[in-house]
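To be precise, the following lines are target_17.csv, and they hold CSV, C-alpha atoms and all ligand atoms.
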```csv
chain,number,residue,atom,x,y,z
A,1,MET,CA,166.5,119.2,134.3
A,2,LEU,CA,168.5,119.6,137.4
A,3,ASP,CA,167.4,118.1,140.7
A,4,VAL,CA,169.2,118.5,144.0
A,5,ALA,CA,167.9,116.5,147.0
A,6,GLY,CA,169.0,116.1,150.6
A,7,LEU,CA,172.2,118.0,150.2
A,8,ASN,CA,174.4,118.5,153.2
A,9,GLN,CA,177.7,120.2,152.9
A,10,GLY,CA,180.3,121.7,155.3
A,11,TYR,CA,183.8,123.1,155.4
A,12,ALA,CA,186.2,121.8,158.1
A,13,GLY,CA,183.6,121.1,160.8
A,14,SER,CA,181.0,123.8,160.2
A,15,GLN,CA,178.0,122.7,158.3
A,16,ILE,CA,176.8,125.1,155.6
A,17,LEU,CA,174.0,123.4,153.7
A,18,TRP,CA,171.3,121.5,155.5
A,19,ASN,CA,169.1,119.0,153.7
A,20,MET,CA,169.1,121.5,150.8
A,21,ALA,CA,166.7,120.8,147.9
A,22,LEU,CA,166.5,122.5,144.5
A,23,GLU,CA,164.7,121.8,141.3
A,24,VAL,CA,165.5,123.6,138.0
A,25,PRO,CA,162.8,122.7,135.5
A,26,GLU,CA,163.9,122.5,131.8
A,27,GLY,CA,163.4,125.8,130.1
A,28,SER,CA,163.1,127.8,133.3
A,29,CYS,CA,165.2,130.6,134.7
A,30,THR,CA,165.4,129.7,138.3
A,31,CYS,CA,166.8,132.3,140.7
A,32,VAL,CA,168.4,131.4,144.0
A,33,MET,CA,168.1,134.3,146.4
A,34,GLY,CA,169.3,134.9,149.9
A,35,ARG,CA,171.4,137.2,152.1
A,36,ASN,CA,175.2,137.2,152.2
A,37,GLY,CA,176.7,134.0,153.6
A,38,VAL,CA,173.6,131.8,153.5
A,39,GLY,CA,175.4,129.3,151.2
A,40,LYS,CA,174.4,130.2,147.7
A,41,THR,CA,177.9,129.9,146.2
A,42,THR,CA,178.5,126.7,148.2
A,43,LEU,CA,175.3,125.2,146.7
A,44,LEU,CA,176.5,126.1,143.1
A,45,ARG,CA,180.0,124.7,143.9
A,46,SER,CA,178.5,121.5,145.2
A,47,ILE,CA,176.5,121.2,141.9
A,48,MET,CA,179.6,121.8,139.9
A,49,GLY,CA,181.7,119.3,141.9
A,50,SER,CA,184.2,121.8,143.1
A,51,ALA,CA,183.0,121.6,146.8
A,52,ARG,CA,182.9,118.2,148.4
A,53,ILE,CA,179.5,117.2,149.8
A,54,MET,CA,178.7,115.2,152.9
A,55,SER,CA,175.5,113.6,151.6
A,56,GLY,CA,172.8,114.2,149.0
A,57,LYS,CA,172.0,113.5,145.4
A,58,ILE,CA,172.5,115.7,142.3
A,59,THR,CA,170.8,114.6,139.1
A,60,PHE,CA,171.1,116.3,135.7
A,61,ALA,CA,169.1,115.4,132.6
A,62,GLY,CA,168.3,112.0,134.2
A,63,ILE,CA,171.9,111.2,135.0
A,64,GLU,CA,173.3,111.2,138.6
A,65,LEU,CA,176.3,113.6,138.9
A,66,THR,CA,177.0,113.0,142.6
A,67,GLY,CA,180.7,112.0,142.9
A,68,SER,CA,181.7,112.8,139.4
A,69,PRO,CA,184.5,115.3,138.8
A,70,PRO,CA,183.9,118.9,137.6
A,71,GLU,CA,185.2,118.2,134.1
A,72,THR,CA,182.6,115.4,133.6
A,73,ARG,CA,179.8,117.8,134.7
A,74,ALA,CA,181.0,120.4,132.3
A,75,ARG,CA,181.1,117.8,129.5
A,76,ARG,CA,177.6,116.7,130.2
A,77,GLY,CA,176.5,120.3,129.5
A,78,VAL,CA,176.6,122.3,132.7
A,79,GLY,CA,178.1,125.7,132.1
A,80,TYR,CA,179.2,127.8,135.1
A,81,VAL,CA,179.9,131.5,135.5
A,82,PRO,CA,181.5,131.7,139.0
A,83,GLN,CA,181.1,134.6,141.4
A,84,GLY,CA,183.9,137.1,140.8
A,85,ARG,CA,184.1,135.8,137.2
A,86,GLU,CA,187.5,134.0,137.5
A,87,ILE,CA,188.8,134.7,134.1
A,88,PHE,CA,192.5,134.2,133.5
A,89,PRO,CA,194.0,137.7,133.6
A,90,GLN,CA,197.2,136.8,131.8
A,91,LEU,CA,195.5,135.1,128.9
A,92,THR,CA,193.9,136.9,126.0
A,93,VAL,CA,190.2,137.1,125.5
A,94,GLY,CA,190.5,134.6,122.7
A,95,GLU,CA,192.5,132.2,124.9
A,96,ASN,CA,190.0,132.5,127.7
A,97,LEU,CA,187.2,131.6,125.3
A,98,GLU,CA,189.1,128.7,123.9
A,99,LEU,CA,189.2,127.2,127.4
A,100,GLY,CA,185.4,127.0,127.3
A,101,VAL,CA,185.6,125.0,124.0
A,102,VAL,CA,188.3,122.7,125.6
A,103,ALA,CA,186.0,122.1,128.6
A,104,SER,CA,183.3,120.8,126.4
A,105,GLY,CA,185.5,117.8,125.6
A,106,ARG,CA,184.5,118.0,122.0
A,107,ARG,CA,186.9,119.2,119.2
A,108,LYS,CA,185.0,122.2,118.0
A,109,LYS,CA,185.4,125.8,116.9
A,110,LEU,CA,184.4,128.6,119.1
A,111,PRO,CA,180.8,129.3,118.3
A,112,GLU,CA,180.4,132.5,116.4
A,113,ARG,CA,177.2,133.1,118.4
A,114,VAL,CA,179.4,134.2,121.4
A,115,PHE,CA,180.5,137.2,119.4
A,116,GLU,CA,177.1,137.9,118.1
A,117,LEU,CA,175.9,138.1,121.7
A,118,PHE,CA,179.0,140.0,122.9
A,119,PRO,CA,180.5,142.0,120.0
A,120,VAL,CA,182.9,143.6,122.5
A,121,LEU,CA,184.7,140.3,122.9
A,122,LYS,CA,185.4,140.1,119.2
A,123,SER,CA,186.9,143.6,119.1
A,124,MET,CA,189.1,142.8,122.1
A,125,LEU,CA,190.1,139.3,121.1
A,126,HIS,CA,193.9,139.8,121.5
A,127,ARG,CA,193.7,141.9,124.7
A,128,ARG,CA,194.6,140.4,128.1
A,129,GLY,CA,191.6,139.4,130.1
A,130,GLY,CA,193.0,141.3,133.1
A,131,ASP,CA,192.9,144.6,131.1
A,132,LEU,CA,189.2,144.4,130.5
A,133,SER,CA,186.7,146.4,132.6
A,134,GLY,CA,184.6,144.5,135.2
A,135,GLY,CA,181.6,144.5,132.9
A,136,GLN,CA,183.6,143.2,130.0
A,137,GLN,CA,185.2,140.5,132.2
A,138,GLN,CA,181.7,139.4,133.1
A,139,GLN,CA,180.7,139.2,129.5
A,140,LEU,CA,183.9,137.2,128.9
A,141,ALA,CA,183.0,134.8,131.7
A,142,ILE,CA,179.5,134.3,130.3
A,143,GLY,CA,180.9,133.9,126.7
A,144,ARG,CA,183.4,131.3,128.0
A,145,ALA,CA,180.6,129.3,129.6
A,146,LEU,CA,178.5,129.5,126.4
A,147,ALA,CA,181.5,128.3,124.3
A,148,LEU,CA,181.0,125.0,126.0
A,149,GLY,CA,177.6,124.7,124.3
A,150,PRO,CA,175.8,124.1,127.7
A,151,LYS,CA,172.3,122.7,128.2
A,152,LEU,CA,172.1,124.4,131.6
A,153,LEU,CA,173.9,127.7,132.4
A,154,ILE,CA,174.6,128.5,136.0
A,155,LEU,CA,175.5,132.1,136.9
A,156,ASP,CA,176.6,133.3,140.4
A,157,GLU,CA,175.8,137.0,140.9
A,158,PRO,CA,176.6,138.1,137.3
A,159,THR,CA,175.7,141.7,138.1
A,160,GLU,CA,177.9,142.1,141.2
A,161,GLY,CA,180.0,145.3,141.0
A,162,ILE,CA,178.9,146.1,137.4
A,163,GLN,CA,177.6,149.5,136.2
A,164,PRO,CA,173.9,149.8,135.4
A,165,ASN,CA,174.0,149.9,131.6
A,166,ILE,CA,176.0,146.6,131.4
A,167,VAL,CA,173.7,145.1,134.0
A,168,SER,CA,170.8,145.8,131.8
A,169,GLU,CA,172.6,144.4,128.7
A,170,ILE,CA,173.4,141.2,130.6
A,171,GLY,CA,169.8,141.0,131.5
A,172,ASP,CA,168.7,141.4,127.9
A,173,ILE,CA,171.1,138.6,126.9
A,174,LEU,CA,170.0,136.2,129.6
A,175,ILE,CA,166.3,136.8,128.7
A,176,ARG,CA,167.1,136.1,125.0
A,177,LEU,CA,169.0,132.9,125.8
A,178,ASN,CA,166.3,131.7,128.1
A,179,ARG,CA,163.1,132.8,126.4
A,180,GLU,CA,164.1,132.8,122.7
A,181,GLU,CA,166.7,130.0,122.6
A,182,GLY,CA,165.2,127.9,125.4
A,183,LEU,CA,168.4,127.6,127.4
A,184,THR,CA,167.7,126.6,131.0
A,185,LEU,CA,169.3,129.0,133.5
A,186,LEU,CA,170.1,128.7,137.2
A,187,LEU,CA,170.9,132.2,138.5
A,188,VAL,CA,172.1,133.4,141.9
A,189,GLU,CA,171.1,137.0,142.2
A,190,GLN,CA,170.7,139.5,145.1
A,191,LYS,CA,169.5,142.4,142.9
A,192,LEU,CA,165.7,142.1,143.3
A,193,ALA,CA,164.7,144.1,140.2
A,194,PHE,CA,167.1,142.1,138.0
A,195,ALA,CA,165.8,138.8,139.4
A,196,ARG,CA,162.2,139.8,138.9
A,197,ARG,CA,162.9,140.8,135.3
A,198,VAL,CA,164.9,137.8,134.2
A,199,ALA,CA,163.8,134.8,136.3
A,200,SER,CA,160.6,132.8,136.1
A,201,ARG,CA,161.0,131.0,139.4
A,202,PHE,CA,162.6,131.7,142.8
A,203,VAL,CA,164.2,129.7,145.6
A,204,ILE,CA,164.9,131.5,148.8
A,205,MET,CA,167.8,130.2,151.0
A,206,ASP,CA,168.2,131.1,154.6
A,207,ARG,CA,171.1,129.6,156.7
A,208,GLY,CA,171.8,126.8,154.3
A,209,ARG,CA,168.2,125.7,153.8
A,210,SER,CA,165.6,126.2,151.1
A,211,VAL,CA,162.8,128.2,152.9
A,212,ALA,CA,160.5,129.3,150.1
A,213,THR,CA,160.0,128.6,146.4
A,214,GLY,CA,157.5,129.4,143.7
A,215,ALA,CA,156.8,131.4,140.5
A,216,MET,CA,158.5,134.8,140.4
A,217,SER,CA,155.0,136.4,140.5
A,218,GLU,CA,154.5,134.7,143.9
A,219,LEU,CA,157.5,136.5,145.5
A,220,THR,CA,155.7,138.6,148.0
A,221,ASP,CA,156.9,141.7,149.9
A,222,GLU,CA,156.5,139.6,153.1
A,223,LEU,CA,159.0,137.0,151.8
A,224,VAL,CA,161.3,139.7,150.7
A,225,SER,CA,161.4,141.5,154.0
A,226,ARG,CA,161.6,138.2,156.0
A,227,HIS,CA,164.5,136.6,154.1
A,228,LEU,CA,166.1,139.1,151.7
A,229,THR,CA,166.3,142.6,153.0
A,230,VAL,CA,169.1,143.3,155.4
B,1,LIG,N1,186.3,127.4,151.1
B,1,LIG,C1,185.6,127.7,152.3
B,1,LIG,N2,186.1,127.3,153.5
B,1,LIG,C2,185.5,127.5,154.6
B,1,LIG,N3,184.3,128.2,154.7
B,1,LIG,C3,183.8,128.6,153.6
B,1,LIG,C4,184.4,128.4,152.3
B,1,LIG,N4,183.6,129.0,151.4
B,1,LIG,C5,182.6,129.5,152.0
B,1,LIG,N5,182.7,129.3,153.4
B,1,LIG,C6,181.7,129.7,154.4
B,1,LIG,O1,180.4,129.2,154.1
B,1,LIG,C7,179.4,130.1,154.3
B,1,LIG,C8,178.5,130.3,153.0
B,1,LIG,O2,179.3,130.9,152.1
B,1,LIG,P1,178.8,131.1,150.6
B,1,LIG,O3,180.0,131.7,149.9
B,1,LIG,O4,178.3,129.9,150.1
B,1,LIG,O5,177.6,132.2,150.8
B,1,LIG,P2,176.9,133.1,149.7
B,1,LIG,O6,175.4,132.9,150.1
B,1,LIG,O7,177.3,132.7,148.4
B,1,LIG,O8,177.3,134.5,150.1
B,1,LIG,P3,177.5,135.9,149.2
B,1,LIG,O9,176.1,136.4,149.0
B,1,LIG,O10,178.3,136.8,150.1
B,1,LIG,O11,178.2,135.5,148.0
B,1,LIG,C9,180.0,131.3,154.8
B,1,LIG,O12,179.9,131.3,156.2
B,1,LIG,C10,181.4,131.2,154.4
B,1,LIG,O13,182.3,131.9,155.2
B,2,MG,MG,178.2,133.8,146.9
```

Spit out the file's structure as C-alpha cells when you get a sec.
Amino acid sequence: MLDVAGLNQGYAGSQILWNMALEVPEGSCTCVMGRNGVGKTTLLRSIMGSARIMSGKITFAGIELTGSPPETRARRGVGYVPQGREIFPQLTVGENLELGVVASGRRKKLPERVFELFPVLKSMLHRRGGDLSGGQQQQLAIGRALALGPKLLILDEPTEGIQPNIVSEIGDILIRLNREEGLTLLLVEQKLAFARRVASRFVIMDRGRSVATGAMSELTDELVSRHLTV
C-alpha cells in the first residue's frame, strides 16, 4: 500500500536518511523501530511531505506522492499522528476534531465512530485541548487523524509519556482498527512489548538505514540487543 524506495534526506548539510526503503503491505501493522535519533520521525515527515527529501520515491496506493504537498497526501487518505501529538491547545476538542474533517478535503460530518472508539472525547467536546491529560491528548490526536477517514494511519510513538492503562487502551484500539476493520497501520514505537502486541511486521532502522525487516515473530533477541537496547 505504501512503498518508499531509495530515500535520502538531510537537514542543512547533515544527511539523516540513507537509501532508506520501507514497504507497508495493505492490511498490515508495520512497526518501525530504532534507537533515539536514528531518523524515524524524519522518515515519517518525509512520507507526509513535511520534510523535504533529497532523492527517492514514495508511492501510496499505486500513486506517486513524491513532491506533492502534505494536504494532497492527507486527501489521498494518509492520516498522521505526529510525535508529541501536536493538538491545538487553544482550540476545543470538537474544533481539533473538525480540523481532521477539513483535512480530508471532503465536506463531511465528523464520523460518530471517533466517539465510539474514544468516548472520553465526546464527554470533553467543549474543553480546550490544552486542558486534557497527556493520554487524552493522544486519543484526541488519533481521533483527529481518524476523522479524515484514512486508508493508512501513521502513528509516531503514540505511547510516549503515557500512563500504562491508557497505553493498553490505545493498543486495544489499534488492534481493533487493524485486525477487525482492516485499516493499514504504520507505527513508530520504542516500547517493545507494545510493538510485539500490536504489530504484524517490523522494520529496524539504524543510523538512517533500514537494517532488518520481517514478521514480528522473527524479531529475535539478537536483533533487539544489536539495534534496539541502549
Ligand atoms: N528540523 C530539523 N533540523 C535539523 N536536524 C533535525 C531536525 N529534525 C531532526 N533532526 C536531526 O535528525 C536526526 C534524526 O532525528 P529524528 O527525529 O528523525 O529521530 P528519531 O529516530 O525520530 O528519534 P526519537 O526516537 O528521539 O524520536 C537527529 O540527529 C536530529 O537531531
Ligand atoms: Mg522521533

Could I get the residue neighbourhood of ligand LIG 1 (chain B) at 8 Å, counting all atoms listed in the file, as a PyMOL selection string?
chain A and resi 10-12+14+16+34-43+51+83+157+190+208

Just give me the gap between CA of Arg209 (chain A) and CA of Ala74 (chain A) in Å, one decimal is fine.
25.6 Å

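With all atoms listed in the file as the atoms that count, the residue of A:Val211, A:Leu140, A:Ala193, A:Leu177 with the shortest distance to Val81 (chain A) is A:Leu140.
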
Using all atoms listed in the file, list the residues that have an atom at most 12 Å from (169.1, 125.9, 145.5), coordinates as in the file, as a compact mmCIF listing (two decimals) with C-alpha atoms, keeping the file's coordinate frame.
```txt
# COMPACT_ATOMS: atom_id res chain seq x y z
CA LEU A 2 168.50 119.60 137.40
CA ASP A 3 167.40 118.10 140.70
CA VAL A 4 169.20 118.50 144.00
CA ALA A 5 167.90 116.50 147.00
CA GLY A 6 169.00 116.10 150.60
CA LEU A 7 172.20 118.00 150.20
CA ASN A 8 174.40 118.50 153.20
CA LEU A 17 174.00 123.40 153.70
CA TRP A 18 171.30 121.50 155.50
CA ASN A 19 169.10 119.00 153.70
CA MET A 20 169.10 121.50 150.80
CA ALA A 21 166.70 120.80 147.90
CA LEU A 22 166.50 122.50 144.50
CA GLU A 23 164.70 121.80 141.30
CA VAL A 24 165.50 123.60 138.00
CA THR A 30 165.40 129.70 138.30
CA CYS A 31 166.80 132.30 140.70
CA VAL A 32 168.40 131.40 144.00
CA MET A 33 168.10 134.30 146.40
CA GLY A 34 169.30 134.90 149.90
CA VAL A 38 173.60 131.80 153.50
CA GLY A 39 175.40 129.30 151.20
CA LYS A 40 174.40 130.20 147.70
CA THR A 41 177.90 129.90 146.20
CA THR A 42 178.50 126.70 148.20
CA LEU A 43 175.30 125.20 146.70
CA LEU A 44 176.50 126.10 143.10
CA ARG A 45 180.00 124.70 143.90
CA SER A 46 178.50 121.50 145.20
CA ILE A 47 176.50 121.20 141.90
CA ILE A 58 172.50 115.70 142.30
CA ILE A 154 174.60 128.50 136.00
CA ASP A 156 176.60 133.30 140.40
CA LEU A 186 170.10 128.70 137.20
CA LEU A 187 170.90 132.20 138.50
CA VAL A 188 172.10 133.40 141.90
CA GLU A 189 171.10 137.00 142.20
CA ARG A 201 161.00 131.00 139.40
CA PHE A 202 162.60 131.70 142.80
CA VAL A 203 164.20 129.70 145.60
CA ILE A 204 164.90 131.50 148.80
CA MET A 205 167.80 130.20 151.00
CA ASP A 206 168.20 131.10 154.60
CA ARG A 207 171.10 129.60 156.70
CA GLY A 208 171.80 126.80 154.30
CA ARG A 209 168.20 125.70 153.80
CA SER A 210 165.60 126.20 151.10
CA VAL A 211 162.80 128.20 152.90
CA ALA A 212 160.50 129.30 150.10
CA THR A 213 160.00 128.60 146.40
```

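The space separating CA of Pro119 (chain A) from CA of Val167 (chain A) comes to 15.9 Å.
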
At a cut-off of 7 Å, using only C-alpha atoms, what residues contact Asn96 (chain A)? Leave out same-chain residues fewer than 4 positions from it and give the result as a VMD selection string.
chain A and resid 87 to 88 91 to 92 144

Selected residue of minimal separation from ligand MG 2 (chain B) among A:Gly100, A:Leu148, A:Gly84, A:Leu153, counting all atoms listed in the file:
A:Gly84

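In this model, the gap between CA of Leu121 (chain A) and CA of Glu180 (chain A) comes to 21.9 Å.
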
Out of A:Ala147, A:Ile142, A:Val78, A:Leu97, which residue has the shortest atom-to-atom distance to Ala61 (chain A) when counting all atoms listed in the file?
A:Val78

So that I can see what lies close to Ala145 (chain A), please list as a PyMOL selection string the residues with an atom at most 12 Å from it, counting only C-alpha atoms and leaving out residues fewer than 4 positions away in the same chain.
chain A and resi 74-75+77-82+85-87+96-104+110-111+114+138-141+149-155+185

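Shortest separation to ligand MG 2 (chain B) among A:Ile53, A:Glu160, A:Ser28, A:Arg113 occurs at residue A:Glu160, atoms counted being all atoms listed in the file.
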
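Among the candidates A:Leu117, A:Lys191, A:Pro69, A:Gly134, the residue lying nearest to Ile175 (chain A) is A:Leu117 (atoms considered: only C-alpha atoms).
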
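In this comparison, which uses all atoms listed in the file, the residue of A:Arg127, A:Leu65, A:Lys57, A:Phe115 approaching Glu95 (chain A) most closely is A:Arg127.
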
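Omitting His126 (chain A) and its sequence neighbours fewer than 2 positions away, and counting only C-alpha atoms, the residues within 8 Å are Thr92, Val93, Gly94, Met124 and Arg128 of chain A.
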